[in-house]
Amino acid sequence: MTDRNRELFDRALRHMPGGVNSPVRAFRSVGGVPPFIARGTGCRIEDVAGKSYVDYVGSWGPLIVGHAHPEVVAAVREAAEDGLSFGAPTELEVEMADTLCRLLPSLELVRVVSSGTEATMSAIRLARGYTGRDVLIKFEGCYHGHSDSLLVKAGSGLLTFGNPSSSGVPDDLAKHTLVLDYNDTTQLGEAFAEHGRHIAAVIVEPVAGNMNLVAPDESFLHACRELCSAHGSVLIFDEVMTGFRVALGCAQGRYGITPDLTTLGKVIGGGMPVAAFGGRADIMQKIAPLGPVYQAGTLSGNPVAMAAGLATLKLIQAPGFYDRLSASAARLCKGLTRAAEANGVAFSAQSVGGMFGLYFRPSPPSSFAEVMECDVPAFNRFFHAMLEAGHYFAPSAFEAGFISAAHSEADIDSTIAAAEAVFARG
């Protein structure tokens with residue numbers, strides 16, 4: 001890493017914990033100095049030293065149409081010229097609500113917020129207020145933001161550091177969260193048999209992306225729906241990552257399951273801090289000012305952020321958009337797998353829509369336990385070699401990757417060729 005990146009990281013360490021504002025950016029899992037990004041265009045980013053990378057992080061998923069798409073930038077510029085924030089209703093947030101409810105039939109009412117954590121935290125509070133129950137079921141390795149109730153054997157950055165739960169979370173809160181194994185339908189049924197009358201909600205990533213990508217067993221997702229319906233519990237699909245990333249109808253449309261509440265983020269903001277939660281009208285009517293469950297946000301529905309999100313949502317509705325996106329992700333995964341096999345490297349990869357996972361193990365994992373069998377040192381070596389070659393993957397063995405519409409076949413093939421050279425070196 002160049003001296004300019006090192007210089008900025010040393011400066012950042014003086015006044016920012018770990019030198020970053022989100023833990024995985026610190027490169028503690030993979031080691032080394034993170035590149036400080038100066039600009040992005042299409043599928044490429046450039047660091048402060050002028051080095052260019054083919055980007056497979058995409059701001060952790062939002063940039064599905066690529067960096068600095070001209071239509072998104074124009075929409076942001078136009079909105080900003082009218083004012084940055086008002087703390088009052090605007091037409092753009094009404095348009096956002098209309099668009100989300102049109103694209104996602106499970107949404108009858110929706111509220112826009114500013115972060116995925118805020119969306120999931122509010123959805124859980126709403127589910128508890130609606131049902132009058134306290135118990136929440138989540139799944140090991142899934143990450144739903146950093147609110148206290150959810151930092152119990154969570155994934156993402158916490159998993160990266162080998163610390164599956166956070167200090168500072170009171171036992172009185174954690175005891176209301178049951179943590180089960182992802183994709184384990186039998187265990188889920190047993191939990192409902194024992195605790196069903198106390199379970200307010202099940203929250204699940206319909207495609208797990210925060211312990212690396214773990215695809216769902218469709219029978220598991222259907223069991224979540226059936227058991228919640230049978231016991232009067234609220235099914236929450238956390239689609240902050242999968243929403244409009246794996247399909248235009250999100251994961252719920254892809255797998256044919258209607259949740260009671262959905263949380264969204266990332267893509268709906270087009271790179272700006274936007275998230276949302278919504279669902280059945282009878283549940284959403286419990287939110288203030290209609291009901292007793294309080295939720296508020298000074299910058300919720302920010303007009304500049306709404307403009308970025310709406311421009312992105314317009315672009316992804318183009319005919320064939322998701323067919324092309326899925327094909328690009330599949331091309332990357334198949335190419336990397338062939339390159340690894342040709343060089344005797346234990347490696348596998350898979351994709352769902354515009355998300356993908358890379359694993360240093362012989363086959364894709366289906367559970368948290370199998371994710372933990374991956375060869376992390378091998379991933380770290382691969383990561384740094386690819387970074388040096390100009391290909392930027394997530395700096396953790398426990399994160400999904402993302403393809404954008406801006407990645408061409410030539411871009412992907414260049415990444416595969418670089419990986420083949422890395423695998424050949426052993």
# chains A, B, ... in the order shown; residues from 1 in each chain; ligands from 1

$ select_by_dssp --residues "region 246-373 of chain A" --states "helix (DSSP H, G or I)" --output "PyMOL selection string"
chain A and resi 250-255+266-269+281-284+303-315+321-342+368-371

$ write_last_selection --atoms "N, CA and C atoms" --output "short mmCIF file (atom, residue, chain, number, x, y, z; two decimals), in the first residue's frame"
data_model
loop_
_atom_site.label_atom_id
_atom_site.label_comp_id
_atom_site.auth_asym_id
_atom_site.auth_seq_id
_atom_site.Cartn_x
_atom_site.Cartn_y
_atom_site.Cartn_z
N CYS A 250 -37.34 -8.56 -4.96
CA CYS A 250 -36.55 -8.84 -3.76
C CYS A 250 -36.52 -10.36 -3.50
N ALA A 251 -35.97 -10.78 -2.38
CA ALA A 251 -35.90 -12.21 -2.09
C ALA A 251 -37.28 -12.80 -1.90
N GLN A 252 -38.20 -12.02 -1.32
CA GLN A 252 -39.55 -12.54 -1.09
C GLN A 252 -40.25 -12.88 -2.39
N GLY A 253 -40.01 -12.10 -3.42
CA GLY A 253 -40.57 -12.41 -4.72
C GLY A 253 -39.86 -13.59 -5.37
N ARG A 254 -38.56 -13.65 -5.19
CA ARG A 254 -37.77 -14.74 -5.78
C ARG A 254 -38.20 -16.09 -5.22
N TYR A 255 -38.50 -16.14 -3.90
CA TYR A 255 -38.84 -17.41 -3.26
C TYR A 255 -40.33 -17.59 -3.01
N LYS A 266 -29.81 0.08 1.48
CA LYS A 266 -28.79 -0.04 0.44
C LYS A 266 -29.29 0.40 -0.93
N VAL A 267 -29.82 -0.52 -1.76
CA VAL A 267 -30.19 -0.17 -3.14
C VAL A 267 -31.22 0.95 -3.17
N ILE A 268 -32.16 0.99 -2.23
CA ILE A 268 -33.21 2.02 -2.29
C ILE A 268 -32.67 3.41 -2.03
N GLY A 269 -31.41 3.52 -1.59
CA GLY A 269 -30.78 4.82 -1.41
C GLY A 269 -29.78 5.15 -2.49
N ALA A 281 -50.86 -3.44 6.71
CA ALA A 281 -51.42 -2.18 7.23
C ALA A 281 -51.82 -2.30 8.69
N ASP A 282 -52.39 -3.45 9.10
CA ASP A 282 -52.84 -3.56 10.49
C ASP A 282 -51.68 -3.51 11.47
N ILE A 283 -50.50 -3.96 11.03
CA ILE A 283 -49.32 -3.85 11.89
C ILE A 283 -48.74 -2.44 11.83
N MET A 284 -48.58 -1.91 10.64
CA MET A 284 -47.97 -0.59 10.48
C MET A 284 -48.80 0.52 11.10
N PRO A 303 -34.69 14.77 1.15
CA PRO A 303 -35.00 14.89 -0.28
C PRO A 303 -33.84 14.53 -1.20
N VAL A 304 -32.61 14.83 -0.80
CA VAL A 304 -31.47 14.49 -1.66
C VAL A 304 -31.30 12.97 -1.71
N ALA A 305 -31.45 12.32 -0.57
CA ALA A 305 -31.35 10.87 -0.52
C ALA A 305 -32.49 10.22 -1.29
N MET A 306 -33.70 10.79 -1.17
CA MET A 306 -34.83 10.24 -1.92
C MET A 306 -34.58 10.33 -3.43
N ALA A 307 -33.98 11.42 -3.86
CA ALA A 307 -33.71 11.60 -5.28
C ALA A 307 -32.75 10.53 -5.79
N ALA A 308 -31.70 10.24 -5.02
CA ALA A 308 -30.73 9.22 -5.42
C ALA A 308 -31.40 7.85 -5.49
N GLY A 309 -32.21 7.55 -4.49
CA GLY A 309 -32.87 6.25 -4.45
C GLY A 309 -33.88 6.08 -5.58
N LEU A 310 -34.65 7.11 -5.83
CA LEU A 310 -35.66 7.02 -6.89
C LEU A 310 -35.02 6.87 -8.27
N ALA A 311 -33.92 7.57 -8.48
CA ALA A 311 -33.22 7.44 -9.77
C ALA A 311 -32.70 6.01 -9.94
N THR A 312 -32.18 5.43 -8.86
CA THR A 312 -31.68 4.06 -8.93
C THR A 312 -32.82 3.07 -9.16
N LEU A 313 -33.91 3.24 -8.45
CA LEU A 313 -35.05 2.34 -8.61
C LEU A 313 -35.64 2.41 -10.02
N LYS A 314 -35.56 3.56 -10.64
CA LYS A 314 -36.02 3.68 -12.03
C LYS A 314 -35.11 2.87 -12.96
N LEU A 315 -33.82 2.96 -12.75
CA LEU A 315 -32.86 2.29 -13.64
C LEU A 315 -32.97 0.77 -13.55
N PHE A 321 -32.73 -6.20 -16.87
CA PHE A 321 -31.68 -5.72 -15.96
C PHE A 321 -31.18 -6.86 -15.07
N TYR A 322 -32.09 -7.59 -14.44
CA TYR A 322 -31.68 -8.62 -13.49
C TYR A 322 -31.15 -9.87 -14.17
N ASP A 323 -31.60 -10.14 -15.37
CA ASP A 323 -31.02 -11.26 -16.13
C ASP A 323 -29.54 -10.99 -16.39
N ARG A 324 -29.23 -9.77 -16.79
CA ARG A 324 -27.83 -9.42 -17.07
C ARG A 324 -27.00 -9.40 -15.79
N LEU A 325 -27.58 -8.86 -14.72
CA LEU A 325 -26.86 -8.79 -13.44
C LEU A 325 -26.54 -10.19 -12.93
N SER A 326 -27.54 -11.07 -12.96
CA SER A 326 -27.34 -12.44 -12.48
C SER A 326 -26.32 -13.18 -13.33
N ALA A 327 -26.37 -12.95 -14.63
CA ALA A 327 -25.41 -13.61 -15.52
C ALA A 327 -23.98 -13.16 -15.23
N SER A 328 -23.82 -11.89 -14.91
CA SER A 328 -22.48 -11.37 -14.58
C SER A 328 -21.95 -12.01 -13.30
N ALA A 329 -22.79 -12.10 -12.28
CA ALA A 329 -22.36 -12.71 -11.02
C ALA A 329 -22.02 -14.18 -11.22
N ALA A 330 -22.84 -14.88 -12.00
CA ALA A 330 -22.58 -16.30 -12.27
C ALA A 330 -21.29 -16.47 -13.06
N ARG A 331 -21.02 -15.57 -14.00
CA ARG A 331 -19.79 -15.64 -14.80
C ARG A 331 -18.56 -15.52 -13.89
N LEU A 332 -18.62 -14.58 -12.95
CA LEU A 332 -17.50 -14.40 -12.03
C LEU A 332 -17.29 -15.66 -11.19
N CYS A 333 -18.36 -16.19 -10.62
CA CYS A 333 -18.25 -17.35 -9.73
C CYS A 333 -17.74 -18.58 -10.48
N LYS A 334 -18.27 -18.82 -11.66
CA LYS A 334 -17.84 -19.99 -12.43
C LYS A 334 -16.39 -19.84 -12.87
N GLY A 335 -16.01 -18.65 -13.27
CA GLY A 335 -14.63 -18.43 -13.71
C GLY A 335 -13.63 -18.60 -12.59
N LEU A 336 -13.95 -18.06 -11.43
CA LEU A 336 -13.04 -18.20 -10.28
C LEU A 336 -12.94 -19.66 -9.85
N THR A 337 -14.07 -20.36 -9.87
CA THR A 337 -14.07 -21.77 -9.47
C THR A 337 -13.21 -22.61 -10.43
N ARG A 338 -13.35 -22.36 -11.73
CA ARG A 338 -12.54 -23.09 -12.72
C ARG A 338 -11.05 -22.80 -12.52
N ALA A 339 -10.73 -21.54 -12.25
CA ALA A 339 -9.32 -21.17 -12.06
C ALA A 339 -8.75 -21.86 -10.82
N ALA A 340 -9.52 -21.94 -9.75
CA ALA A 340 -9.06 -22.61 -8.54
C ALA A 340 -8.89 -24.11 -8.78
N GLU A 341 -9.87 -24.73 -9.43
CA GLU A 341 -9.80 -26.17 -9.70
C GLU A 341 -8.57 -26.51 -10.54
N ALA A 342 -8.27 -25.66 -11.51
CA ALA A 342 -7.13 -25.92 -12.40
C ALA A 342 -5.81 -25.89 -11.65
N PHE A 368 -23.87 -21.51 9.44
CA PHE A 368 -22.81 -20.78 10.13
C PHE A 368 -21.63 -21.71 10.43
N ALA A 369 -21.92 -22.92 10.90
CA ALA A 369 -20.86 -23.86 11.25
C ALA A 369 -19.99 -24.18 10.03
N GLU A 370 -20.62 -24.34 8.87
CA GLU A 370 -19.85 -24.63 7.66
C GLU A 370 -19.06 -23.41 7.19
N VAL A 371 -19.61 -22.23 7.39
CA VAL A 371 -18.85 -21.01 7.07
C VAL A 371 -17.56 -20.97 7.88
#

$ closest_atom_pairs --of "region 265-335 of chain A" --to "region 106-124 of chain A" --cutoff "8 Å" --atoms "only C-alpha atoms" --output "Markdown table"
| residue | atom | partner | partner_atom | distance |
| --- | --- | --- | --- | --- |
| A:Gly265 | CA | A:Gly116 | CA | 5.6 |
| A:Lys266 | CA | A:Gly116 | CA | 7.9 |
| A:Pro273 | CA | A:Ser114 | CA | 5.3 |
| A:Val274 | CA | A:Ser114 | CA | 4.4 |
| A:Ala275 | CA | A:Ser115 | CA | 5.0 |
| A:Ala276 | CA | A:Val112 | CA | 4.2 |
| A:Phe277 | CA | A:Ala119 | CA | 5.4 |
| A:Gly278 | CA | A:Val110 | CA | 4.0 |
| A:Gly279 | CA | A:Leu107 | CA | 4.1 |
| A:Arg280 | CA | A:Glu108 | CA | 5.4 |
| A:Ala281 | CA | A:Glu108 | CA | 5.4 |
| A:Met284 | CA | A:Leu109 | CA | 6.3 |
| A:Gln295 | CA | A:Ser122 | CA | 6.8 |
| A:Gly297 | CA | A:Val113 | CA | 6.7 |
| A:Leu299 | CA | A:Ser114 | CA | 7.0 |
| A:Ser300 | CA | A:Val113 | CA | 4.6 |
| A:Gly301 | CA | A:Val112 | CA | 5.8 |

$ residues_around --residues "Glu399 (chain A)" --least-positions-apart "5" --cutoff "8 Å" --atoms "only C-alpha atoms" --output "number ranges by chain"
A: 156, 209-213, 357, 394

$ atom_distance --atom1 "CA of Glu140 (chain A)" --atom2 "CA of Val179 (chain A)"
5.8 Å

$ atom_distance --atom1 "CA of Cys228 (chain A)" --atom2 "CA of Thr99 (chain A)"
27.6 Å

$ closest_residue --among "A:Asn380, A:Gln187, A:Gln317, A:Thr262" --to "Phe27 (chain A)" --atoms "only C-alpha atoms"
A:Asn380

$ closest_residue --among "A:Pro206, A:Pro362, A:Pro17, A:Gly83" --to "Leu221 (chain A)" --atoms "only C-alpha atoms"
A:Pro206

$ closest_residue --among "A:Leu84, A:Leu387, A:Ala421, A:Ala230" --to "Ile199 (chain A)" --atoms "only C-alpha atoms"
A:Ala230

$ closest_residue --among "A:Glu91, A:Phe9, A:Ala49, A:Glu226" --to "Gly32 (chain A)" --atoms "only C-alpha atoms"
A:Phe9

$ decode --residues "region 217-267 of chain A" --atoms "C-alpha atoms" --output "PDB file, in the first residue's frame"
ATOM      1  CA  ASP A 217     -33.078 -23.848   1.913  1.00  0.00           C
ATOM      2  CA  GLU A 218     -36.459 -22.814   0.533  1.00  0.00           C
ATOM      3  CA  SER A 219     -38.253 -25.218   2.902  1.00  0.00           C
ATOM      4  CA  PHE A 220     -36.645 -23.320   5.784  1.00  0.00           C
ATOM      5  CA  LEU A 221     -38.047 -19.990   4.609  1.00  0.00           C
ATOM      6  CA  HIS A 222     -41.485 -21.529   4.075  1.00  0.00           C
ATOM      7  CA  ALA A 223     -41.329 -22.997   7.587  1.00  0.00           C
ATOM      8  CA  CYS A 224     -40.625 -19.514   8.969  1.00  0.00           C
ATOM      9  CA  ARG A 225     -43.801 -18.292   7.259  1.00  0.00           C
ATOM     10  CA  GLU A 226     -45.960 -21.239   8.315  1.00  0.00           C
ATOM     11  CA  LEU A 227     -44.853 -21.258  11.958  1.00  0.00           C
ATOM     12  CA  CYS A 228     -45.272 -17.505  12.371  1.00  0.00           C
ATOM     13  CA  SER A 229     -48.781 -17.717  10.900  1.00  0.00           C
ATOM     14  CA  ALA A 230     -49.716 -20.650  13.128  1.00  0.00           C
ATOM     15  CA  HIS A 231     -48.507 -18.961  16.320  1.00  0.00           C
ATOM     16  CA  GLY A 232     -49.529 -15.360  15.652  1.00  0.00           C
ATOM     17  CA  SER A 233     -45.912 -14.173  15.389  1.00  0.00           C
ATOM     18  CA  VAL A 234     -44.636 -11.543  12.964  1.00  0.00           C
ATOM     19  CA  LEU A 235     -42.319 -12.685  10.164  1.00  0.00           C
ATOM     20  CA  ILE A 236     -39.745 -10.000   9.363  1.00  0.00           C
ATOM     21  CA  PHE A 237     -37.680 -10.354   6.210  1.00  0.00           C
ATOM     22  CA  ASP A 238     -34.523  -8.314   6.587  1.00  0.00           C
ATOM     23  CA  GLU A 239     -34.005  -7.313   2.969  1.00  0.00           C
ATOM     24  CA  VAL A 240     -31.637  -4.437   3.695  1.00  0.00           C
ATOM     25  CA  MET A 241     -29.059  -6.326   1.646  1.00  0.00           C
ATOM     26  CA  THR A 242     -31.219  -8.515  -0.625  1.00  0.00           C
ATOM     27  CA  GLY A 243     -33.879  -5.913  -1.390  1.00  0.00           C
ATOM     28  CA  PHE A 244     -33.778  -5.121  -5.133  1.00  0.00           C
ATOM     29  CA  ARG A 245     -30.368  -6.798  -5.178  1.00  0.00           C
ATOM     30  CA  VAL A 246     -31.342 -10.438  -5.864  1.00  0.00           C
ATOM     31  CA  ALA A 247     -34.451  -9.669  -7.946  1.00  0.00           C
ATOM     32  CA  LEU A 248     -36.816  -6.810  -8.738  1.00  0.00           C
ATOM     33  CA  GLY A 249     -39.300  -8.459  -6.374  1.00  0.00           C
ATOM     34  CA  CYS A 250     -36.550  -8.844  -3.759  1.00  0.00           C
ATOM     35  CA  ALA A 251     -35.896 -12.209  -2.087  1.00  0.00           C
ATOM     36  CA  GLN A 252     -39.547 -12.539  -1.088  1.00  0.00           C
ATOM     37  CA  GLY A 253     -40.566 -12.414  -4.725  1.00  0.00           C
ATOM     38  CA  ARG A 254     -37.771 -14.742  -5.776  1.00  0.00           C
ATOM     39  CA  TYR A 255     -38.839 -17.408  -3.263  1.00  0.00           C
ATOM     40  CA  GLY A 256     -42.584 -16.752  -3.285  1.00  0.00           C
ATOM     41  CA  ILE A 257     -43.013 -15.891   0.399  1.00  0.00           C
ATOM     42  CA  THR A 258     -44.942 -12.934   1.823  1.00  0.00           C
ATOM     43  CA  PRO A 259     -43.496 -11.609   5.103  1.00  0.00           C
ATOM     44  CA  ASP A 260     -45.521  -9.509   7.522  1.00  0.00           C
ATOM     45  CA  LEU A 261     -42.844  -6.813   7.713  1.00  0.00           C
ATOM     46  CA  THR A 262     -39.884  -6.065   5.458  1.00  0.00           C
ATOM     47  CA  THR A 263     -36.814  -3.949   6.085  1.00  0.00           C
ATOM     48  CA  LEU A 264     -35.047  -2.363   3.124  1.00  0.00           C
ATOM     49  CA  GLY A 265     -31.900  -0.316   2.611  1.00  0.00           C
ATOM     50  CA  LYS A 266     -28.794  -0.039   0.441  1.00  0.00           C
ATOM     51  CA  VAL A 267     -30.195  -0.171  -3.136  1.00  0.00           C
TER      52      VAL A 267
END
